[in-house]
$ cat protein-v5.cif   # mmCIF, C-alpha atoms
data_query
#
loop_
_atom_site.group_PDB
_atom_site.id
_atom_site.type_symbol
_atom_site.label_atom_id
_atom_site.label_comp_id
_atom_site.auth_asym_id
_atom_site.auth_seq_id
_atom_site.Cartn_x
_atom_site.Cartn_y
_atom_site.Cartn_z
ATOM 1 C CA MET A 112 -100.308 -1.333 -9.157
ATOM 2 C CA THR A 113 -98.596 -2.383 -12.376
ATOM 3 C CA ALA A 114 -94.852 -1.779 -12.670
ATOM 4 C CA THR A 115 -93.596 0.092 -15.732
ATOM 5 C CA THR A 116 -91.630 -2.209 -17.986
ATOM 6 C CA ASP A 117 -88.791 -1.444 -20.361
ATOM 7 C CA GLU A 118 -91.061 -2.584 -23.193
ATOM 8 C CA SER A 119 -93.677 0.071 -22.383
ATOM 9 C CA VAL A 120 -91.115 2.849 -22.013
ATOM 10 C CA ALA A 121 -89.165 2.122 -25.194
ATOM 11 C CA PRO A 122 -91.993 2.789 -27.689
ATOM 12 C CA ALA A 123 -92.757 6.105 -25.987
ATOM 13 C CA GLY A 124 -89.091 7.072 -26.184
ATOM 14 C CA ARG A 125 -88.914 6.210 -29.867
ATOM 15 C CA ALA A 126 -92.074 8.213 -30.555
ATOM 16 C CA GLU A 127 -90.629 11.235 -28.773
ATOM 17 C CA ARG A 128 -87.408 11.002 -30.776
ATOM 18 C CA ARG A 129 -89.411 10.794 -33.995
ATOM 19 C CA ARG A 130 -91.333 13.922 -32.994
ATOM 20 C CA ASP A 131 -88.100 15.735 -32.203
ATOM 21 C CA ARG A 132 -86.577 14.747 -35.534
ATOM 22 C CA ARG A 133 -89.660 15.821 -37.430
ATOM 23 C CA LYS A 134 -89.765 19.127 -35.589
ATOM 24 C CA ALA A 135 -86.071 19.696 -36.357
ATOM 25 C CA GLU A 136 -86.741 19.017 -40.045
ATOM 26 C CA MET A 137 -89.508 21.619 -40.061
ATOM 27 C CA ILE A 138 -87.264 24.188 -38.408
ATOM 28 C CA GLU A 139 -84.454 23.472 -40.877
ATOM 29 C CA ALA A 140 -86.866 23.874 -43.798
ATOM 30 C CA ALA A 141 -88.107 27.167 -42.345
ATOM 31 C CA LEU A 142 -84.550 28.482 -42.006
ATOM 32 C CA GLN A 143 -83.728 27.624 -45.603
ATOM 33 C CA ILE A 144 -86.851 29.337 -46.862
ATOM 34 C CA LEU A 145 -86.324 32.388 -44.648
ATOM 35 C CA ALA A 146 -82.784 32.706 -45.963
ATOM 36 C CA GLY A 147 -84.021 32.531 -49.526
ATOM 37 C CA VAL A 148 -87.168 34.663 -49.565
ATOM 38 C CA GLY A 149 -87.301 36.358 -46.159
ATOM 39 C CA TYR A 150 -90.082 36.542 -43.617
ATOM 40 C CA GLN A 151 -92.660 38.023 -45.973
ATOM 41 C CA GLY A 152 -92.054 35.358 -48.620
ATOM 42 C CA MET A 153 -92.162 32.393 -46.263
ATOM 43 C CA ARG A 154 -95.378 30.347 -46.462
ATOM 44 C CA PHE A 155 -96.521 27.431 -44.371
ATOM 45 C CA GLU A 156 -97.263 25.523 -47.572
ATOM 46 C CA ASP A 157 -93.644 25.786 -48.665
ATOM 47 C CA VAL A 158 -92.311 24.640 -45.292
ATOM 48 C CA ALA A 159 -94.669 21.664 -45.308
ATOM 49 C CA GLU A 160 -93.698 20.720 -48.847
ATOM 50 C CA ARG A 161 -89.980 20.957 -48.147
ATOM 51 C CA SER A 162 -90.448 18.890 -44.982
ATOM 52 C CA ASP A 163 -92.555 16.371 -46.931
ATOM 53 C CA ILE A 164 -95.473 16.598 -44.514
ATOM 54 C CA ALA A 165 -99.074 17.727 -44.627
ATOM 55 C CA LYS A 166 -99.798 21.346 -43.789
ATOM 56 C CA ALA A 167 -102.090 20.165 -40.978
ATOM 57 C CA THR A 168 -99.146 18.308 -39.422
ATOM 58 C CA LEU A 169 -97.086 21.480 -39.473
ATOM 59 C CA TYR A 170 -99.870 23.327 -37.651
ATOM 60 C CA HIS A 171 -99.896 20.540 -35.066
ATOM 61 C CA TYR A 172 -96.316 21.414 -34.135
ATOM 62 C CA PHE A 173 -96.448 25.163 -34.721
ATOM 63 C CA PRO A 174 -99.824 26.934 -34.391
ATOM 64 C CA SER A 175 -98.714 29.937 -36.445
ATOM 65 C CA LYS A 176 -96.058 31.170 -38.831
ATOM 66 C CA ASP A 177 -94.632 33.418 -36.126
ATOM 67 C CA ALA A 178 -94.332 30.502 -33.710
ATOM 68 C CA LEU A 179 -92.314 28.593 -36.307
ATOM 69 C CA VAL A 180 -90.133 31.603 -37.126
ATOM 70 C CA SER A 181 -89.425 32.191 -33.425
ATOM 71 C CA ALA A 182 -88.413 28.561 -32.950
ATOM 72 C CA ALA A 183 -86.212 28.660 -36.044
ATOM 73 C CA LEU A 184 -84.394 31.834 -35.020
ATOM 74 C CA GLU A 185 -83.852 30.595 -31.472
ATOM 75 C CA LYS A 186 -82.543 27.236 -32.681
ATOM 76 C CA LEU A 187 -80.155 28.930 -35.078
ATOM 77 C CA THR A 188 -78.862 31.291 -32.403
ATOM 78 C CA ALA A 189 -78.469 28.509 -29.841
ATOM 79 C CA ASP A 190 -76.454 26.425 -32.297
ATOM 80 C CA VAL A 191 -74.192 29.353 -33.198
ATOM 81 C CA LEU A 192 -73.573 30.209 -29.539
ATOM 82 C CA THR A 193 -72.838 26.566 -28.777
ATOM 83 C CA HIS A 194 -70.162 26.428 -31.470
ATOM 84 C CA LEU A 195 -68.587 29.689 -30.334
ATOM 85 C CA GLY A 196 -68.655 28.500 -26.723
ATOM 86 C CA ALA A 197 -66.897 25.294 -27.729
ATOM 87 C CA ALA A 198 -64.192 27.327 -29.490
ATOM 88 C CA LEU A 199 -63.643 29.257 -26.272
ATOM 89 C CA ASP A 200 -63.578 26.095 -24.170
ATOM 90 C CA THR A 201 -60.810 24.584 -26.285
ATOM 91 C CA THR A 202 -58.694 27.741 -25.902
ATOM 92 C CA ALA A 203 -59.562 28.535 -22.277
ATOM 93 C CA ALA A 204 -55.941 28.252 -21.139
ATOM 94 C CA LEU A 205 -54.583 30.390 -23.985
ATOM 95 C CA PRO A 206 -54.041 34.167 -24.104
ATOM 96 C CA ALA A 207 -56.941 36.391 -25.129
ATOM 97 C CA ALA A 208 -55.457 37.095 -28.565
ATOM 98 C CA GLN A 209 -55.450 33.394 -29.399
ATOM 99 C CA GLN A 210 -58.974 33.033 -28.058
ATOM 100 C CA LEU A 211 -60.095 35.846 -30.320
ATOM 101 C CA ARG A 212 -58.398 34.232 -33.305
ATOM 102 C CA ALA A 213 -60.203 30.976 -32.516
ATOM 103 C CA LEU A 214 -63.549 32.799 -32.268
ATOM 104 C CA ILE A 215 -63.008 34.539 -35.603
ATOM 105 C CA ALA A 216 -62.071 31.259 -37.285
ATOM 106 C CA GLU A 217 -65.117 29.514 -35.833
ATOM 107 C CA GLN A 218 -67.446 32.355 -36.801
ATOM 108 C CA LEU A 219 -66.157 32.159 -40.370
ATOM 109 C CA ARG A 220 -66.679 28.382 -40.379
ATOM 110 C CA ILE A 221 -70.223 28.876 -39.112
ATOM 111 C CA LEU A 222 -70.981 31.385 -41.850
ATOM 112 C CA THR A 223 -69.443 29.443 -44.726
ATOM 113 C CA VAL A 224 -69.794 25.761 -43.775
ATOM 114 C CA LEU A 225 -72.241 25.083 -40.965
ATOM 115 C CA TYR A 226 -74.949 27.713 -41.263
ATOM 116 C CA PRO A 227 -74.592 29.914 -44.350
ATOM 117 C CA GLU A 228 -78.123 31.148 -43.695
ATOM 118 C CA VAL A 229 -76.914 33.083 -40.629
ATOM 119 C CA GLY A 230 -75.453 35.886 -42.703
ATOM 120 C CA LYS A 231 -78.509 36.128 -44.884
ATOM 121 C CA LEU A 232 -80.954 36.116 -42.008
ATOM 122 C CA LEU A 233 -79.252 38.231 -39.370
ATOM 123 C CA SER A 234 -76.570 40.309 -41.068
ATOM 124 C CA PHE A 235 -78.599 41.984 -43.782
ATOM 125 C CA PRO A 236 -82.189 41.339 -42.667
ATOM 126 C CA ALA A 237 -85.275 42.369 -44.572
ATOM 127 C CA PRO A 238 -88.002 44.072 -42.509
ATOM 128 C CA TRP A 239 -89.197 41.862 -39.660
ATOM 129 C CA PRO A 240 -92.342 42.165 -37.533
ATOM 130 C CA ALA A 241 -91.656 43.934 -34.262
ATOM 131 C CA GLU A 242 -91.654 40.769 -32.149
ATOM 132 C CA HIS A 243 -89.001 39.124 -34.301
ATOM 133 C CA GLY A 244 -87.012 42.328 -34.730
ATOM 134 C CA GLU A 245 -86.583 42.577 -30.977
ATOM 135 C CA SER A 246 -85.682 38.894 -30.741
ATOM 136 C CA ILE A 247 -83.017 39.292 -33.417
ATOM 137 C CA LYS A 248 -81.532 42.281 -31.586
ATOM 138 C CA ALA A 249 -81.390 40.231 -28.385
ATOM 139 C CA MET A 250 -79.763 37.345 -30.247
ATOM 140 C CA ARG A 251 -77.125 39.674 -31.701
ATOM 141 C CA ARG A 252 -76.360 41.030 -28.252
ATOM 142 C CA ARG A 253 -75.872 37.498 -26.891
ATOM 143 C CA HIS A 254 -73.585 36.726 -29.806
ATOM 144 C CA ASP A 255 -71.572 39.953 -29.687
ATOM 145 C CA ARG A 256 -71.058 39.688 -25.931
ATOM 146 C CA ILE A 257 -68.878 36.599 -26.441
ATOM 147 C CA PHE A 258 -66.486 38.511 -28.693
ATOM 148 C CA ARG A 259 -66.557 41.674 -26.607
ATOM 149 C CA GLU A 260 -65.579 39.906 -23.386
ATOM 150 C CA VAL A 261 -62.519 38.377 -25.054
ATOM 151 C CA VAL A 262 -61.518 41.678 -26.652
ATOM 152 C CA ASP A 263 -61.867 43.525 -23.346
ATOM 153 C CA ARG A 264 -59.677 40.940 -21.603
ATOM 154 C CA GLY A 265 -57.084 41.250 -24.339
ATOM 155 C CA ILE A 266 -56.997 45.034 -24.080
ATOM 156 C CA ALA A 267 -56.751 44.881 -20.285
ATOM 157 C CA SER A 268 -53.792 42.481 -20.522
ATOM 158 C CA GLY A 269 -52.082 44.487 -23.267
ATOM 159 C CA GLU A 270 -52.306 41.695 -25.847
ATOM 160 C CA LEU A 271 -54.779 43.610 -27.985
ATOM 161 C CA ASP A 272 -54.662 47.258 -28.894
ATOM 162 C CA CYS A 273 -57.484 49.050 -30.702
ATOM 163 C CA PRO A 274 -58.707 52.596 -30.025
ATOM 164 C CA ASP A 275 -62.415 51.726 -30.136
ATOM 165 C CA PRO A 276 -63.372 48.073 -29.509
ATOM 166 C CA SER A 277 -67.002 48.649 -30.507
ATOM 167 C CA VAL A 278 -66.023 50.005 -33.923
ATOM 168 C CA ALA A 279 -63.442 47.257 -34.385
ATOM 169 C CA LEU A 280 -66.046 44.567 -33.628
ATOM 170 C CA HIS A 281 -68.535 46.118 -36.052
ATOM 171 C CA CYS A 282 -65.844 46.078 -38.706
ATOM 172 C CA LEU A 283 -64.964 42.484 -37.848
ATOM 173 C CA HIS A 284 -68.509 41.247 -38.324
ATOM 174 C CA GLY A 285 -68.768 43.225 -41.542
ATOM 175 C CA ILE A 286 -65.661 41.465 -42.854
ATOM 176 C CA LEU A 287 -66.888 38.016 -41.863
ATOM 177 C CA ASN A 288 -70.417 38.516 -43.144
ATOM 178 C CA HIS A 289 -69.123 39.767 -46.479
ATOM 179 C CA ALA A 290 -66.600 36.928 -46.702
ATOM 180 C CA SER A 291 -69.439 34.465 -46.239
ATOM 181 C CA ILE A 292 -70.900 35.648 -49.551
ATOM 182 C CA TRP A 293 -67.892 34.722 -51.681
ATOM 183 C CA LEU A 294 -65.867 32.277 -49.595
ATOM 184 C CA ARG A 295 -67.167 28.759 -50.145
ATOM 185 C CA PRO A 296 -65.539 25.467 -49.085
ATOM 186 C CA ALA A 297 -65.511 24.103 -52.653
ATOM 187 C CA ALA A 298 -63.465 27.085 -53.822
ATOM 188 C CA ASN A 299 -61.163 26.930 -50.802
ATOM 189 C CA PRO A 300 -60.396 23.234 -50.269
ATOM 190 C CA ASP A 301 -57.146 23.726 -48.358
ATOM 191 C CA GLY A 302 -58.487 26.507 -46.126
ATOM 192 C CA ARG A 303 -55.694 28.937 -46.985
ATOM 193 C CA THR A 304 -58.034 31.743 -48.008
ATOM 194 C CA ARG A 305 -60.106 31.261 -44.867
ATOM 195 C CA ASP A 306 -56.942 31.414 -42.758
ATOM 196 C CA ALA A 307 -55.910 34.612 -44.558
ATOM 197 C CA VAL A 308 -59.277 36.206 -43.739
ATOM 198 C CA VAL A 309 -58.782 35.319 -40.077
ATOM 199 C CA GLU A 310 -55.300 36.812 -39.957
ATOM 200 C CA GLU A 311 -56.343 39.999 -41.744
ATOM 201 C CA SER A 312 -59.285 40.343 -39.363
ATOM 202 C CA MET A 313 -56.929 40.173 -36.401
ATOM 203 C CA ARG A 314 -55.243 43.337 -37.664
ATOM 204 C CA LEU A 315 -58.248 45.255 -36.371
ATOM 205 C CA PHE A 316 -57.190 44.409 -32.828
ATOM 206 C CA VAL A 317 -53.389 44.365 -32.993
ATOM 207 C CA ARG A 318 -51.477 47.443 -34.064
ATOM 208 C CA ALA A 319 -48.522 46.893 -36.374
#
$ encode --input "protein-v5.cif" --output "structure tokens"
Amino acid sequence: MTATTDESVAPAGRAERRRDRRKAEMIEAALQILAGVGYQGMRFEDVAERSDIAKATLYHYFPSKDALVSAALEKLTADVLTHLGAALDTTAALPAAQQLRALIAEQLRILTVLYPEVGKLLSFPAPWPAEHGESIKAMRRRHDRIFREVVDRGIASGELDCPDPSVALHCLHGILNHASIWLRPAANPDGRTRDAVVEESMRLFVRA
């Protein structure tokens, strides 16, 4: 029996990393195209061209357009939830009101800096096939649950005060999604406008 050597394992590891990088590039290209022209306008040819690969290679990784769209939406949602979870982790010892402020600030950063396609894809979506429509609803629920749990804790502790948390959260996401349309890092280099949006958003949850 021949022992596995480091030399035999290394090439396989490099090949797997190359596959992962290529797959990530395809997903990123799909997200950009989806954000620009929507599901109906997205074509495999365009994804392949933007990824600088042959169409046959794209089919090797994703057997159908819907398989690619599903992977792209899941990757986007996972990344967003990871960033929001990190914001909560860094404020875990702080009161709920400060946790909520951190979540709002991070959500605004996601929408304007990290993933501007989020607002375009999920906030004001064009018609989606049923399978993706249900996936998007599930993704929104996963996302909204993070905010709702913090708001509920804040209300229970008396830090936050809003008559209807569900309405307040809908309004919050409306504010942030709309802000993502006009608030761009280049026009807000010092972050003061972004900070002002965060503070005004907090007014939904704290009575004057």
$ atom_distance --input "protein-v5.cif" --atom1 "atom CA of A:Ile257" --atom2 "atom CA of A:Thr193"
11.0 Å
$ closest_atom_pairs --input "protein-v5.cif" --of "stretch 150-221 of chain A" --to "stretch 243-252 of chain A" --cutoff "12 Å" --atoms "all atoms listed in the file" --output "tab-separated table"
residue	atom	partner	partner_atom	distance
A:Tyr150	CA	A:His243	CA	9.7
A:Lys176	CA	A:His243	CA	11.6
A:Asp177	CA	A:His243	CA	8.2
A:Ala178	CA	A:His243	CA	10.2
A:Leu179	CA	A:His243	CA	11.2
A:Val180	CA	A:His243	CA	8.1
A:Ser181	CA	A:His243	CA	7.0
A:Ala182	CA	A:His243	CA	10.7
A:Ala183	CA	A:His243	CA	11.0
A:Leu184	CA	A:Ile247	CA	7.8
A:Glu185	CA	A:Met250	CA	8.0
A:Lys186	CA	A:Met250	CA	10.8
A:Leu187	CA	A:Met250	CA	9.7
A:Thr188	CA	A:Met250	CA	6.5
A:Ala189	CA	A:Met250	CA	8.9
A:Asp190	CA	A:Met250	CA	11.6
A:Val191	CA	A:Met250	CA	10.2
A:Leu192	CA	A:Met250	CA	9.5
$ resolve_selection --input "protein-v5.cif" --expression "the PyMOL selection byres ((chain A and resi 194-196) around 12)" --output "VMD selection string"
chain A and resid 187 to 193 197 to 203 210 to 222 225 to 226 253 to 258 261
$ write_last_selection --input "protein-v5.cif" --atoms "C-alpha atoms" --output "mmCIF file, in the frame of the given file"
data_model
loop_
_atom_site.group_PDB
_atom_site.id
_atom_site.type_symbol
_atom_site.label_atom_id
_atom_site.label_comp_id
_atom_site.auth_asym_id
_atom_site.auth_seq_id
_atom_site.Cartn_x
_atom_site.Cartn_y
_atom_site.Cartn_z
ATOM 1 C CA LEU A 187 -80.155 28.930 -35.078
ATOM 2 C CA THR A 188 -78.862 31.291 -32.403
ATOM 3 C CA ALA A 189 -78.469 28.509 -29.841
ATOM 4 C CA ASP A 190 -76.454 26.425 -32.297
ATOM 5 C CA VAL A 191 -74.192 29.353 -33.198
ATOM 6 C CA LEU A 192 -73.573 30.209 -29.539
ATOM 7 C CA THR A 193 -72.838 26.566 -28.777
ATOM 8 C CA ALA A 197 -66.897 25.294 -27.729
ATOM 9 C CA ALA A 198 -64.192 27.327 -29.490
ATOM 10 C CA LEU A 199 -63.643 29.257 -26.272
ATOM 11 C CA ASP A 200 -63.578 26.095 -24.170
ATOM 12 C CA THR A 201 -60.810 24.584 -26.285
ATOM 13 C CA THR A 202 -58.694 27.741 -25.902
ATOM 14 C CA ALA A 203 -59.562 28.535 -22.277
ATOM 15 C CA GLN A 210 -58.974 33.033 -28.058
ATOM 16 C CA LEU A 211 -60.095 35.846 -30.320
ATOM 17 C CA ARG A 212 -58.398 34.232 -33.305
ATOM 18 C CA ALA A 213 -60.203 30.976 -32.516
ATOM 19 C CA LEU A 214 -63.549 32.799 -32.268
ATOM 20 C CA ILE A 215 -63.008 34.539 -35.603
ATOM 21 C CA ALA A 216 -62.071 31.259 -37.285
ATOM 22 C CA GLU A 217 -65.117 29.514 -35.833
ATOM 23 C CA GLN A 218 -67.446 32.355 -36.801
ATOM 24 C CA LEU A 219 -66.157 32.159 -40.370
ATOM 25 C CA ARG A 220 -66.679 28.382 -40.379
ATOM 26 C CA ILE A 221 -70.223 28.876 -39.112
ATOM 27 C CA LEU A 222 -70.981 31.385 -41.850
ATOM 28 C CA LEU A 225 -72.241 25.083 -40.965
ATOM 29 C CA TYR A 226 -74.949 27.713 -41.263
ATOM 30 C CA ARG A 253 -75.872 37.498 -26.891
ATOM 31 C CA HIS A 254 -73.585 36.726 -29.806
ATOM 32 C CA ASP A 255 -71.572 39.953 -29.687
ATOM 33 C CA ARG A 256 -71.058 39.688 -25.931
ATOM 34 C CA ILE A 257 -68.878 36.599 -26.441
ATOM 35 C CA PHE A 258 -66.486 38.511 -28.693
ATOM 36 C CA VAL A 261 -62.519 38.377 -25.054
#
$ resolve_selection --input "protein-v5.cif" --expression "the PyMOL selection byres ((chain A and resi 269) around 12)" --output "list of chain:residue names"
A:Pro206, A:Ala207, A:Ala208, A:Val262, A:Asp263, A:Arg264, A:Gly265, A:Ile266, A:Ala267, A:Ser268, A:Glu270, A:Leu271, A:Asp272, A:Cys273, A:Phe316, A:Val317, A:Arg318
$ resolve_selection --input "protein-v5.cif" --expression "the PyMOL selection byres ((chain A and resi 274-291) around 6)" --output "list of chain:residue names"
A:Leu222, A:Thr223, A:Gly230, A:Cys273, A:Ile292, A:Trp293, A:Leu294, A:Leu315
$ atom_distance --input "protein-v5.cif" --atom1 "atom CA of A:Val308" --atom2 "atom CA of A:Arg259"
19.4 Å
$ closest_residue --input "protein-v5.cif" --among "A:Ala204, A:Ala297, A:Val309, A:Leu169" --to "A:Ala141" --atoms "only C-alpha atoms"
A:Leu169
$ atom_distance --input "protein-v5.cif" --atom1 "atom CA of A:Ile144" --atom2 "atom CA of A:Asp157"
7.9 Å
$ residues_around --input "protein-v5.cif" --residues "stretch 127-140 of chain A" --least-positions-apart "5" --cutoff "7 Å" --atoms "all atoms listed in the file" --output "number ranges by chain"
A: 158, 161-162, 183
$ axis_aligned_box --input "protein-v5.cif" --around "stretch 143-149 of chain A" --padding-each-side "8 Å" --output "JSON"
{"center_x": -85.0, "center_y": 32.0, "center_z": -47.1, "size_x": 20.5, "size_y": 24.7, "size_z": 20.9}
